[in-house]
Every structure is written in C-alpha cells, then in structure tokens.
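What follows is the content of model-v2.cif (mmCIF, C-alpha atoms).
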data_start
#
loop_
_atom_site.label_atom_id
_atom_site.label_comp_id
_atom_site.auth_asym_id
_atom_site.auth_seq_id
_atom_site.Cartn_x
_atom_site.Cartn_y
_atom_site.Cartn_z
CA MET A 1 0.00 0.00 0.00
CA ILE A 2 1.10 3.51 -0.68
CA PRO A 3 -0.23 6.61 1.03
CA VAL A 4 -2.52 8.82 -1.04
CA ASP A 5 -2.94 12.52 -0.40
CA GLU A 6 -6.37 14.11 -0.05
CA PRO A 7 -6.59 15.71 -3.53
CA THR A 8 -5.74 12.40 -5.22
CA ALA A 9 -8.25 10.53 -3.07
CA THR A 10 -10.96 13.11 -3.84
CA GLU A 11 -10.27 12.79 -7.57
CA LEU A 12 -10.40 8.98 -7.44
CA LEU A 13 -13.59 8.93 -5.40
CA SER A 14 -15.32 11.42 -7.69
CA GLN A 15 -14.87 9.24 -10.78
CA ALA A 16 -18.04 7.64 -12.07
CA VAL A 17 -18.56 3.94 -11.54
CA SER A 18 -18.51 2.11 -14.85
CA PRO A 19 -20.93 -0.69 -15.71
CA GLU A 20 -17.92 -3.01 -15.61
CA ASP A 21 -17.26 -2.07 -11.95
CA GLU A 22 -20.91 -2.68 -11.11
CA THR A 23 -20.77 -6.08 -12.81
CA LYS A 24 -17.68 -6.99 -10.77
CA ARG A 25 -19.45 -6.04 -7.54
CA ARG A 26 -22.49 -8.15 -8.41
CA LEU A 27 -20.28 -11.06 -9.38
CA ALA A 28 -18.33 -10.81 -6.11
CA HIS A 29 -21.63 -10.75 -4.18
CA LEU A 30 -22.96 -13.81 -6.02
CA LEU A 31 -19.69 -15.68 -5.53
CA SER A 32 -19.77 -14.99 -1.79
CA ARG A 33 -23.34 -16.32 -1.64
CA SER A 34 -22.26 -19.38 -3.59
CA LEU A 35 -19.42 -19.97 -1.13
CA ALA A 36 -21.88 -19.60 1.73
CA ASP A 37 -24.22 -22.16 0.18
CA GLU A 38 -21.41 -24.71 0.17
CA GLY A 39 -20.80 -24.30 3.89
CA ILE A 40 -24.05 -25.83 5.13
CA SER A 41 -24.68 -29.40 4.09
CA ASP A 42 -27.55 -31.74 4.86
CA ASP A 43 -25.06 -33.94 6.68
CA LEU A 44 -24.35 -31.12 9.15
CA ILE A 45 -28.06 -30.48 9.72
CA ASP A 46 -28.66 -34.20 10.33
CA THR A 47 -25.76 -34.36 12.78
CA LEU A 48 -27.06 -31.29 14.66
CA GLU A 49 -30.50 -32.88 14.93
CA GLU A 50 -28.96 -36.14 16.13
CA VAL A 51 -27.09 -34.41 18.95
CA LEU A 52 -29.83 -32.00 20.01
CA SER A 53 -32.70 -34.48 19.87
CA ASP A 54 -33.75 -36.52 22.87
CA ARG A 55 -31.64 -39.64 23.08
CA PRO A 56 -33.39 -42.92 23.88
CA ALA A 57 -33.63 -43.47 27.60
CA VAL A 58 -32.14 -46.38 29.46
CA PRO A 59 -34.25 -47.64 32.38
CA ALA A 60 -32.77 -46.96 35.78
CA LYS A 61 -32.03 -50.18 37.64
CA ALA A 62 -30.61 -48.85 40.88
CA GLY A 63 -32.93 -48.33 43.82
CA ARG A 64 -35.68 -50.83 42.99
CA LYS A 65 -34.89 -52.99 46.05
CA LEU A 66 -34.91 -49.95 48.30
CA ASP A 67 -38.24 -48.81 46.82
CA ALA A 68 -39.76 -52.23 47.46
CA LEU A 69 -38.51 -52.20 51.06
CA LEU A 70 -39.90 -48.70 51.68
CA ALA A 71 -43.26 -49.68 50.16
CA ARG A 72 -43.40 -52.79 52.36
CA PHE A 73 -43.20 -50.62 55.47
CA GLY A 74 -45.70 -48.12 54.08
CA LEU A 75 -43.13 -45.37 53.56
CA PRO A 76 -43.04 -43.18 50.47
CA CYS A 77 -40.56 -44.13 47.79
CA LEU A 78 -37.62 -41.88 47.06
CA ARG A 79 -37.99 -39.65 44.06
CA ARG A 80 -35.61 -40.75 41.35
CA PRO A 81 -35.68 -40.30 37.65
CA THR A 82 -37.12 -43.40 36.04
CA ALA A 83 -34.71 -43.25 33.13
CA GLN A 84 -31.23 -42.06 32.34
CA VAL A 85 -30.05 -40.47 29.11
CA ALA A 86 -28.15 -42.94 26.96
CA LEU A 87 -24.49 -42.05 26.63
CA LEU A 88 -22.73 -41.85 23.29
CA THR A 89 -20.30 -44.55 22.33
CA GLU A 90 -16.73 -43.42 21.78
CA GLU A 91 -17.10 -44.08 18.04
CA GLU A 92 -20.27 -41.97 17.80
CA ALA A 93 -18.69 -39.14 19.77
CA ALA A 94 -15.56 -39.21 17.59
CA ARG A 95 -17.65 -39.19 14.38
CA ILE A 96 -19.80 -36.27 15.51
CA THR A 97 -16.82 -34.31 16.85
CA ASP A 98 -15.01 -34.75 13.53
CA ARG A 99 -18.10 -33.58 11.63
CA PHE A 100 -18.44 -30.49 13.83
CA ARG A 101 -14.75 -29.65 13.44
CA ARG A 102 -15.05 -29.84 9.64
CA ALA A 103 -18.14 -27.62 9.85
CA THR A 104 -16.23 -25.13 12.02
CA ARG A 105 -13.50 -24.89 9.39
CA GLN A 106 -16.13 -24.24 6.69
CA LEU A 107 -18.04 -21.72 8.79
CA LEU A 108 -14.89 -19.72 9.52
CA GLN A 109 -14.47 -19.25 5.77
CA VAL A 110 -18.13 -18.52 5.04
CA VAL A 111 -19.26 -16.31 7.94
CA PRO A 112 -17.47 -13.10 6.84
CA HIS A 113 -19.40 -13.22 3.56
CA ARG A 114 -22.80 -13.68 5.18
CA VAL A 115 -23.01 -11.33 8.15
CA ALA A 116 -23.11 -7.56 8.39
CA MET A 117 -21.08 -7.44 11.62
CA TYR A 118 -18.40 -10.03 12.29
CA PRO A 119 -19.61 -12.27 15.19
CA THR A 120 -16.40 -12.20 17.22
CA GLU A 121 -17.77 -13.66 20.45
CA GLU A 122 -19.69 -16.46 18.73
CA LEU A 123 -16.68 -17.50 16.67
CA ARG A 124 -14.42 -17.33 19.71
CA LEU A 125 -16.74 -19.78 21.48
CA LEU A 126 -16.84 -22.01 18.40
CA LEU A 127 -13.03 -22.11 18.24
CA ALA A 128 -12.77 -22.83 21.97
CA LEU A 129 -15.17 -25.75 21.62
CA ARG A 130 -13.27 -27.03 18.57
CA ASP A 131 -10.07 -27.18 20.61
CA GLU A 132 -11.63 -28.73 23.72
CA GLN A 133 -10.97 -32.41 24.53
CA PRO A 134 -13.72 -33.57 26.93
CA PRO A 135 -13.55 -36.81 28.92
CA PRO A 136 -15.69 -39.63 27.46
CA ASP A 137 -18.36 -39.36 30.16
CA GLU A 138 -18.97 -35.68 29.25
CA ALA A 139 -19.07 -36.19 25.47
CA LEU A 140 -22.82 -35.71 25.08
CA SER A 141 -22.96 -32.42 27.00
CA TYR A 142 -19.86 -31.18 25.13
CA LEU A 143 -21.39 -32.07 21.76
CA ARG A 144 -24.65 -30.36 22.68
CA ARG A 145 -22.77 -27.16 23.60
CA TYR A 146 -20.83 -27.42 20.33
CA ALA A 147 -24.06 -27.97 18.36
CA LEU A 148 -25.69 -24.94 19.99
CA ALA A 149 -22.66 -22.79 19.09
CA ILE A 150 -22.93 -23.93 15.45
CA VAL A 151 -26.68 -23.24 15.43
CA ALA A 152 -26.04 -19.73 16.80
CA ILE A 153 -23.63 -19.03 13.91
CA LEU A 154 -26.07 -20.44 11.36
CA ASP A 155 -28.79 -18.26 12.84
CA LEU A 156 -26.62 -15.15 12.45
CA MET A 157 -25.90 -16.07 8.84
CA GLY A 158 -29.59 -16.15 8.03
CA ASP A 159 -31.28 -17.88 5.13
CA ASP A 160 -31.16 -16.99 1.45
CA GLU A 161 -34.53 -18.50 0.67
#
In structure tokens, write the structure found in this file.
Amino acid sequence: MIPVDEPTATELLSQAVSPEDETKRRLAHLLSRSLADEGISDDLIDTLEEVLSDRPAVPAKAGRKLDALLARFGLPCLRRPTAQVALLTEEEAARITDRFRRATRQLLQVVPHRVAMYPTEELRLLLALRDEQPPPDEALSYLRRYALAIVAILDLMGDDE
C-alpha cells in the first residue's frame, strides 16, 4: 500500500462507476453467496438434529430394592428419575466431533461473507469448543454445547430462501 494525499483521493472517489465495476461487484456478491451455500450441508443439519434431539432413555435399575422395602413398610418411595439419558459410544462421539470440526472450518471461511457485523464472540466460542478435549463421560454435553454454538452461527448467517 502507498499513502494517497487528499486531492488524489478526492479525484479517485469522484470518478463515475462504470458498468464493468458494477458487474464486478455483483459477481463478487454472487460468488460470496455461492461460497456460503457450500458451507451448510444436509449432513451437518442431520448431525445437529442427532445431537440435540432426545436420546433414547435407558431404564434406571438402581434403587428398585430400596423402593420395594420402603413400600413394604408403608413409607413413600424416594424420588428418582425413572430413566437415564443414553451415553454416546466413543465411536459416535468421535464421528460427531469430527463432523463439527469440519463444519467449524467451513463456517470460519463462510461467515465473513454472510453477516453484516463479524460475530467475534460467537466465533471465539466455536473455536474454543473445537479445541476442547472432553472426557468420554462428558461427550454428550460437550457435543450439545458445540451444536448450539454452530446453530447460533447459522442463525446469524440467516437464510437466502
């Protein structure tokens, strides 16, 4: 870059925009929209739905003997959830994490072309989640946080349709 003095800048800015310049601007806009369309695949949407949907419950086995004993003596049973959320297998967690990391890479390229103001805080959270390595027993909650961060970015990008 070279510095430009005020008279030169005024002269350059006062020149009329040619139809060729306008065509270039429209083409650049359409190319950025095309790039944005490539960033969101059906595979990503399916993976987000898989993580954010209710997972099948596993019946709780612990406490049934204690409940029977309390009922025998006419005492109220302890309040316990009747089912637990099924945990992800390590293979499922690795597959989903890999898919979200690929989506993060794509979103980082696409987001600047689709938003009016750069979402610094949302992307910072997305990058922090990408770099996180949760223990296996916390994989589902980690993936749900990651999915919500991706959904927040997609929401900011809006919809072309």
- Task: Between A:Leu126, A:Gln133, A:Thr120, A:Asp5, single out the one closest to Gln106 in chain A, counting all atoms listed in the file.
- Result: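 Looking at the shortest contact to Gln106 in chain A, the residue is A:Leu126.
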- So what do you get for CA of Ala152 in chain A versus CA of Ser41 in chain A, distance-wise? 16.0 Å
Hey, what comes out of the PyMOL selection byres ((chain A and resi 117-119) around 12) on this file? Could you write it as a PDB file with C-alpha atoms, in the frame of the given file?
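See part.pdb below for the written result:
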ATOM      1  CA  LEU A 107     -18.040 -21.720   8.790  1.00  0.00           C
ATOM      2  CA  LEU A 108     -14.890 -19.720   9.520  1.00  0.00           C
ATOM      3  CA  GLN A 109     -14.470 -19.250   5.770  1.00  0.00           C
ATOM      4  CA  VAL A 110     -18.130 -18.520   5.040  1.00  0.00           C
ATOM      5  CA  VAL A 111     -19.260 -16.310   7.940  1.00  0.00           C
ATOM      6  CA  PRO A 112     -17.470 -13.100   6.840  1.00  0.00           C
ATOM      7  CA  HIS A 113     -19.400 -13.220   3.560  1.00  0.00           C
ATOM      8  CA  ARG A 114     -22.800 -13.680   5.180  1.00  0.00           C
ATOM      9  CA  VAL A 115     -23.010 -11.330   8.150  1.00  0.00           C
ATOM     10  CA  ALA A 116     -23.110  -7.560   8.390  1.00  0.00           C
ATOM     11  CA  THR A 120     -16.400 -12.200  17.220  1.00  0.00           C
ATOM     12  CA  GLU A 121     -17.770 -13.660  20.450  1.00  0.00           C
ATOM     13  CA  GLU A 122     -19.690 -16.460  18.730  1.00  0.00           C
ATOM     14  CA  LEU A 123     -16.680 -17.500  16.670  1.00  0.00           C
ATOM     15  CA  ARG A 124     -14.420 -17.330  19.710  1.00  0.00           C
ATOM     16  CA  LEU A 125     -16.740 -19.780  21.480  1.00  0.00           C
ATOM     17  CA  LEU A 126     -16.840 -22.010  18.400  1.00  0.00           C
ATOM     18  CA  ALA A 149     -22.660 -22.790  19.090  1.00  0.00           C
ATOM     19  CA  ALA A 152     -26.040 -19.730  16.800  1.00  0.00           C
ATOM     20  CA  ILE A 153     -23.630 -19.030  13.910  1.00  0.00           C
ATOM     21  CA  LEU A 154     -26.070 -20.440  11.360  1.00  0.00           C
ATOM     22  CA  ASP A 155     -28.790 -18.260  12.840  1.00  0.00           C
ATOM     23  CA  LEU A 156     -26.620 -15.150  12.450  1.00  0.00           C
ATOM     24  CA  MET A 157     -25.900 -16.070   8.840  1.00  0.00           C
TER      25      MET A 157
END
- Kindly indicate which residue among A:Arg145, A:Asp131, A:Glu90, A:Arg99 lies nearest to Asp46 in chain A, using only C-alpha atoms for the distances.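 Closest candidate: A:Arg99.
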- Task: Enter the distance from CA of Arg130 in chain A to CA of Arg101 in chain A, in Å, rounded to one decimal.
- Result: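 About the pair CA of Arg130 in chain A and CA of Arg101 in chain A: they are 5.9 Å apart.
Of note, CA of Leu127 in chain A and CA of Ala139 in chain A are spaced 16.9 Å apart.
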- Residues selected by the PyMOL selection byres ((chain A and resi 143) around 12), written as number ranges by chain: A: 47-53, 87-88, 92-101, 126, 129-130, 132-142, 144-150
